[in-house]
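Here's the structure, in structure tokens; my notes come after.
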Amino acid sequence: MGSFVVIPSAMVQASGLSALTFSELRLYWRLVGMLVKEDEPAPGDSDSTTIRVLAAELMEPEDKRERLVDRLDHLSDVKFKVNLDGRDGNEPWRMSLRLVTEFELRNEWVEIEIGRKMLKAIKERTTFARIKEAALFSMRGSKYSSILYTLIRDKMNQREKRWKMDIEYFREVMQVKEGTYDRFSSLKAKVIDPAIKEVNERTEFSLSWEKARTYKNEVKELAFTWTEKESSSTTSKPKSTRTKKPRAPDAPSAITEKATNYLVAAEFFERQRWAQKAVELGCPETPAMPAPDHVPQWASWVARPMADAGLISAD
């Protein structure tokens with residue numbers, strides 16, 4: 001099945017995402033997914049709450065800390081307009097809020113301050129999208145791909161099988177900047193076709209679209225339909241799904257212990273470098289691999305290469 005990120009529908013459809021780069025957008029999804037699990041501040045508490053996150057969980061592969069700082073810095077500048085359903089008989093409401101108000105990088109950890117109103121907006125959700133993490137974070141072609149994927153997953157989680165909308169609403173939810181790709185041929189070539197292609201290549205469903213309504217040769221409405229791929233369906237059972245788990249190379253326990261001790265005491269980027277090496281050798285990848293308490297889970301994969309590099313003794 002794989003792991004999922006749960007994102008409130010209001011945050012999937014929030015306007016303001018167009019101001020983000022592709023990597024900033026992925027950071028946005030990660031943070032929102034984490035905040036869904038946070039407790040809402042009690043009445044009378046401060047106007048913000050602080051979460052502490054391992055930096056490695058927010059960084060891109062082969063990333064540098066400076067890039068994470070730049071992305072968080074930009075996120076703290078961007079305001080998102082969030083549409084929320086009414087609750088307890090109240091009218092629907094709309095807010096313009098920052099996701100990140102302040103942040104501080106402390107060694108391997110990031111402390112991020114989230115405004116009380118933003119956390120409340122995230123927690124007061126009535127519907128949400130359950131998004132496959134591996135598919136979302138594997139997309140590299142266009143940010144429109146990840147936006148379209150999250151929008152369709154949102155509809156799927158509401159048991160819908162077809163999504164019809166006017167062209168202007170499509171531009172809005174896809175975060176197409178005003179004045180960009182005004183001609184439909186440009187919108188199709190730069191937004192629709194690349195997004196459909198990557199979604200179909202990298203996700204658990206097949207997506208297609210059609211012109212739902214035209215007027216005087218001008219496209220007025222679009223319709224999207226989707227079907228789950230057979231391998232991702234929970235109702236179909238393939239004849240055999242057993243695969244052998246990758247095994248760590250044989251290494252004496254003494255060498256593995258030395259590798260573990262070396263890595264736990266090492267700087268963050270040294271651990272990150274060897275964690276990436278472990279993945280290259282076949283170790284299953286997890287976001288928190290460089291964390292000191294995760295090192296024992298993968299140190300055996302790199303014990304011999306570290307000995308060959310002269311970092312630890314092979315005795």
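We name chains A, B, ... following the order of the structure tokens; residues begin at 1 in each chain, and ligands are numbered from 1 as shown.
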Considering only C-alpha atoms, return as a PDB file with N, CA and C atoms, in the first residue's frame whatever protein or nucleic-acid residues lie within 12 Å of Arg71 in chain A, sequence-local ones (same chain, fewer than 6 positions apart) excluded.
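Resulting contents of selection.pdb:
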ATOM      1  N   ALA A  19       2.680  30.837  -6.219  1.00  0.00           N
ATOM      2  CA  ALA A  19       3.874  31.600  -5.842  1.00  0.00           C
ATOM      3  C   ALA A  19       5.033  30.693  -5.455  1.00  0.00           C
ATOM      4  N   LEU A  20       4.774  29.381  -5.335  1.00  0.00           N
ATOM      5  CA  LEU A  20       5.797  28.451  -4.877  1.00  0.00           C
ATOM      6  C   LEU A  20       6.495  27.762  -6.034  1.00  0.00           C
ATOM      7  N   THR A  21       7.773  27.473  -5.836  1.00  0.00           N
ATOM      8  CA  THR A  21       8.492  26.641  -6.797  1.00  0.00           C
ATOM      9  C   THR A  21       8.073  25.192  -6.569  1.00  0.00           C
ATOM     10  N   PHE A  22       8.526  24.305  -7.456  1.00  0.00           N
ATOM     11  CA  PHE A  22       8.170  22.885  -7.339  1.00  0.00           C
ATOM     12  C   PHE A  22       8.644  22.313  -5.999  1.00  0.00           C
ATOM     13  N   SER A  23       9.884  22.597  -5.620  1.00  0.00           N
ATOM     14  CA  SER A  23      10.413  22.063  -4.364  1.00  0.00           C
ATOM     15  C   SER A  23       9.718  22.702  -3.157  1.00  0.00           C
ATOM     16  N   GLU A  24       9.348  23.976  -3.257  1.00  0.00           N
ATOM     17  CA  GLU A  24       8.609  24.626  -2.172  1.00  0.00           C
ATOM     18  C   GLU A  24       7.216  24.026  -2.024  1.00  0.00           C
ATOM     19  N   LEU A  25       6.625  23.650  -3.149  1.00  0.00           N
ATOM     20  CA  LEU A  25       5.307  23.028  -3.112  1.00  0.00           C
ATOM     21  C   LEU A  25       5.368  21.682  -2.388  1.00  0.00           C
ATOM     22  N   ARG A  26       6.405  20.895  -2.660  1.00  0.00           N
ATOM     23  CA  ARG A  26       6.548  19.611  -1.963  1.00  0.00           C
ATOM     24  C   ARG A  26       6.755  19.834  -0.466  1.00  0.00           C
ATOM     25  N   LEU A  27       7.490  20.883  -0.113  1.00  0.00           N
ATOM     26  CA  LEU A  27       7.674  21.219   1.301  1.00  0.00           C
ATOM     27  C   LEU A  27       6.337  21.598   1.928  1.00  0.00           C
ATOM     28  N   TYR A  28       5.514  22.329   1.205  1.00  0.00           N
ATOM     29  CA  TYR A  28       4.175  22.706   1.657  1.00  0.00           C
ATOM     30  C   TYR A  28       3.348  21.463   1.976  1.00  0.00           C
ATOM     31  N   LEU A  58      12.411  17.217   5.712  1.00  0.00           N
ATOM     32  CA  LEU A  58      11.905  18.309   4.884  1.00  0.00           C
ATOM     33  C   LEU A  58      12.796  18.601   3.686  1.00  0.00           C
ATOM     34  N   MET A  59      13.938  17.932   3.605  1.00  0.00           N
ATOM     35  CA  MET A  59      14.908  18.222   2.557  1.00  0.00           C
ATOM     36  C   MET A  59      14.721  17.325   1.345  1.00  0.00           C
ATOM     37  N   GLU A  60      15.109  17.841   0.205  1.00  0.00           N
ATOM     38  CA  GLU A  60      15.104  17.082  -1.030  1.00  0.00           C
ATOM     39  C   GLU A  60      16.332  16.163  -1.077  1.00  0.00           C
ATOM     40  N   ASP A  63      20.154  17.401  -0.959  1.00  0.00           N
ATOM     41  CA  ASP A  63      19.875  18.800  -0.680  1.00  0.00           C
ATOM     42  C   ASP A  63      20.914  19.390   0.264  1.00  0.00           C
ATOM     43  N   LYS A  64      20.907  20.710   0.380  1.00  0.00           N
ATOM     44  CA  LYS A  64      21.759  21.416   1.332  1.00  0.00           C
ATOM     45  C   LYS A  64      20.876  22.200   2.294  1.00  0.00           C
ATOM     46  N   ARG A  65      21.397  22.405   3.496  1.00  0.00           N
ATOM     47  CA  ARG A  65      20.620  23.105   4.512  1.00  0.00           C
ATOM     48  C   ARG A  65      20.217  24.505   4.046  1.00  0.00           C
ATOM     49  N   ASP A  77       6.802  34.104   3.779  1.00  0.00           N
ATOM     50  CA  ASP A  77       6.369  35.339   3.129  1.00  0.00           C
ATOM     51  C   ASP A  77       5.029  35.195   2.397  1.00  0.00           C
ATOM     52  N   VAL A  78       4.684  33.950   2.039  1.00  0.00           N
ATOM     53  CA  VAL A  78       3.516  33.719   1.187  1.00  0.00           C
ATOM     54  C   VAL A  78       2.249  33.552   2.026  1.00  0.00           C
ATOM     55  N   VAL A 100       3.842  29.328   7.524  1.00  0.00           N
ATOM     56  CA  VAL A 100       4.965  29.433   8.461  1.00  0.00           C
ATOM     57  C   VAL A 100       5.083  30.886   8.909  1.00  0.00           C
ATOM     58  N   PHE A 103      10.720  30.452  11.863  1.00  0.00           N
ATOM     59  CA  PHE A 103      11.393  29.162  11.955  1.00  0.00           C
ATOM     60  C   PHE A 103      12.831  29.373  12.399  1.00  0.00           C
TER      61      PHE A 103
END
* To do: Find the spatial neighbours of range 112-117 of chain A, counting only C-alpha atoms, within a cut-off of 8 Å - ignore same-chain residues fewer than 2 positions away - and output them as a list in words.
  => Glu40, Pro41, Ser46, Asp47, Ser48, Thr49, Thr50, Ile51, Arg52, Val53, Leu97, Arg98, Leu99, Val100, Thr101, Glu102, Phe103, Glu104, Val110, Leu119, Lys120 and Ala121 of chain A
Just write the chosen residues, N, CA and C atoms, as a compact mmCIF listing (two decimals), in the first residue's frame.
# COMPACT_ATOMS: atom_id res chain seq x y z
N GLU A 40 -4.70 20.86 18.25
CA GLU A 40 -5.07 22.28 18.16
C GLU A 40 -4.84 22.95 19.52
N PRO A 41 -4.26 24.15 19.54
CA PRO A 41 -4.03 24.83 20.82
C PRO A 41 -5.31 25.00 21.62
N SER A 46 -1.22 30.64 23.49
CA SER A 46 -0.62 31.68 22.66
C SER A 46 -1.19 31.65 21.24
N ASP A 47 -0.88 32.67 20.46
CA ASP A 47 -1.41 32.78 19.10
C ASP A 47 -0.68 31.89 18.11
N SER A 48 0.28 31.09 18.56
CA SER A 48 1.01 30.20 17.65
C SER A 48 1.40 28.93 18.38
N THR A 49 1.77 27.95 17.60
CA THR A 49 2.28 26.70 18.15
C THR A 49 3.57 26.36 17.41
N THR A 50 4.48 25.68 18.06
CA THR A 50 5.78 25.36 17.46
C THR A 50 5.91 23.86 17.31
N ILE A 51 6.29 23.44 16.11
CA ILE A 51 6.56 22.02 15.88
C ILE A 51 8.06 21.85 15.67
N ARG A 52 8.57 20.71 16.07
CA ARG A 52 10.00 20.40 15.92
C ARG A 52 10.13 19.23 14.97
N VAL A 53 10.81 19.47 13.86
CA VAL A 53 10.89 18.48 12.79
C VAL A 53 12.35 18.22 12.45
N LEU A 97 -3.86 33.41 5.11
CA LEU A 97 -2.96 33.08 6.21
C LEU A 97 -1.60 32.61 5.72
N ARG A 98 -0.59 32.80 6.55
CA ARG A 98 0.73 32.23 6.28
C ARG A 98 0.80 30.84 6.88
N LEU A 99 1.47 29.93 6.18
CA LEU A 99 1.66 28.59 6.74
C LEU A 99 2.75 28.62 7.81
N VAL A 100 3.84 29.33 7.52
CA VAL A 100 4.96 29.43 8.46
C VAL A 100 5.08 30.89 8.91
N THR A 101 5.08 31.12 10.22
CA THR A 101 5.25 32.50 10.70
C THR A 101 6.71 32.77 11.04
N GLU A 102 7.37 31.80 11.68
CA GLU A 102 8.80 31.91 11.99
C GLU A 102 9.40 30.51 12.00
N PHE A 103 10.72 30.45 11.86
CA PHE A 103 11.39 29.16 11.96
C PHE A 103 12.83 29.37 12.40
N GLU A 104 13.43 28.32 12.92
CA GLU A 104 14.84 28.37 13.33
C GLU A 104 15.44 26.99 13.14
N VAL A 110 14.55 21.45 12.90
CA VAL A 110 13.96 22.74 12.54
C VAL A 110 12.78 22.98 13.47
N LEU A 119 -3.40 26.72 11.97
CA LEU A 119 -3.57 25.37 12.50
C LEU A 119 -5.05 25.04 12.69
N LYS A 120 -5.80 26.02 13.13
CA LYS A 120 -7.25 25.82 13.30
C LYS A 120 -7.90 25.56 11.94
N ALA A 121 -7.47 26.31 10.92
CA ALA A 121 -8.01 26.11 9.58
C ALA A 121 -7.72 24.69 9.07
* Nearest residue to Gly16 in chain A from the set A:Glu133, A:Arg106, A:Gln175, A:Tyr149 (distances using only C-alpha atoms) -> A:Gln175
* To do: Enumerate the residues of range 104-248 of chain A with a DSSP assignment of strand (DSSP E or B), computed from the backbone, and present them as a PyMOL selection string.
  => chain A and resi 104-106+109-115+128-132+162-166+205-215+218-228
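What separates CA of Leu187 in chain A from CA of Asn217 in chain A is a distance of 15.3 Å.
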